[in-house]
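Trainee: Pasting a structure below so you can have a look.
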Amino acid sequence: MSFFRRYRDFFICVILLGLPFLFLHSNLKSPDKLNAADRVILRISAPVQYVAAMLGRTFSDVWGSYVYLVDVRTENEALQLELNRAREQNLKVATLEQDNQRLKRMLEFKEGFEGDVLVAQVIGKDTSPFFRVMRISVNRGVGEVRPGMPVMTYNGLVGQIEKTWSSYSDVLLTVDPMSSVDVVIKRNGSRGILKGTGETNRYQCKIEYLLKTDEVRIGDVVVTSGMDKKFPEGIPVGTLSRVRKKEFGLFQEVWVDPAIDFSRVRDVFVMVSAP
Amino acid sequence: MPLSFFTPDLVIPFVLYIAIIDFGAARGAALAFVLGYIMDASAGSPVGVHLFVVPAIYLLYRFIYQKLLLTGTLFRMVLTLAAAATAGLMVVGMRALFERSLMSFTMIVSTLLLYSLSTAAFSPVIFWLGGKLVPESPRRQEEKVII
């Protein structure tokens, strides 16, 4: 075994223990007192030190960013929760506002209406998107509800009571083909009979027996005439949406869009005695 | 008392671990040298302090362990306590020698004591982690069985 191999470990250890003193000596020297050897040592150690410091800083940055992101995520979740709560509360306030407006208008309508009316809640509608039946519930003891009584909202006419049992009643809507209401065009007093078209894809009525000589326009407001003795005079029914004058015959064809959206009705009035 | 006084040194127990397994003098010293360099680079101390202390501790305690050949967690903790105290003394000594920086005796004793105790307290974890990273050689395990 050669001399070097025999004492290899010993030499390595001596070098490893001696080198630090050279580094330390050069590092602690004032820059103006550095000699060539010191500069070489510093030049060797500086890049390594730079890489080590950079790695340390990178690790620290990554860790710091991770911790920061964890905080951000927690904060984001908390804010999201707060936002959802605020949205929920906002929705409640909006619903309350709508309810308030609706009830206010109902009260105004009831106070302004000369006849006696009962308030009823809509409890059921046809399951199809365009129902033609509406079931209402009237508080028992408040008054008696009979078939034929007009049903309305503050926006206009809904229909009439078709049948009644216990405290429930079915309402025949104005858009039903079985329904007929005596109406007039508010602008010029032209008279006709409003009947539901019974279309499955929209709510619409037609005015029958409207003379061709009567000048009507799209947008004209249609109200009840009161001539049929079933519905009081002046309740809004809808507006004219289409007019067609036939070449032959006495009457013209007129379509009416209902004044109320049947799918959104929640409370109605049942008129128990005429004004 | 500042919390930094209780900061354990995690390199010293690891170096001790490679000292007590059969890692080879030169290889172990080289690894300790690299670790010391990293410590100097990351700790902000002048390059050379830990560069000397860590390999020196490795070689010194490798020699001591070969004489004692004791095993067990308690022994390792005591060994770490002694090694940490030695390392601390070396750092203080080198600073006094090269930087002319002298601490009061009370300060040196309290700092060394807390540093050594906290390092020794963490040593079982580092020894366990060391065992996962660098498994003990079969020869050293056989020696343990013989003892």
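Labels for the structure tokens follow display order: chains A, B, ..., residues from 1 in each chain, ligands from 1.
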Contacts from chain B to chain A, 7 Å maximum, only C-alpha atoms: show me the residue list as a ChimeraX atom specification.

Mentor: /B:25-26,29,33,38,41-42,46-49,51-52,55-56

Trainee: Write out as a PyMOL selection string the residues lying within 8 Å of A:Val183, counting only C-alpha atoms and excluding same-chain residues fewer than 2 positions away.

Mentor: chain A and resi 181+185+191-194+222-226

Trainee: What does the structure give for the distance between atom CA of B:Pro8 and atom CA of B:Met39, in Å to one decimal?

Mentor: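 Atom CA of B:Met39 lies 13.3 Å from atom CA of B:Pro8.
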
Trainee: Choose the residue, out of A:Asp71, A:Asp38, A:Glu97, A:Asp261, that has the smallest atom-to-atom separation from A:Tyr154; count only C-alpha atoms.

Mentor: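 Between A:Asp71, A:Asp38, A:Glu97, A:Asp261, the residue approaching A:Tyr154 most closely is A:Asp261.
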
Trainee: Which residue is closest to A:Ala274? Choose from A:Gly115, A:Gly64, A:Pro177, A:Gly196 and count only C-alpha atoms.

Mentor: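 For A:Ala274, the nearest of the given residues is A:Gly115.
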
Trainee: Excluding B:Ser123 and its own-chain neighbours fewer than 3 positions away, which residues fall within 12 Å of it when counting only C-alpha atoms? Please give them as a VMD selection string.

Mentor: chain B and resid 8 to 17 73 to 84 116 to 120 126 to 130

Trainee: Give me, as a count of residues only, the residues of stretch 1-146 of chain B that a backbone DSSP run labels alpha helix (DSSP H).

Mentor: 109
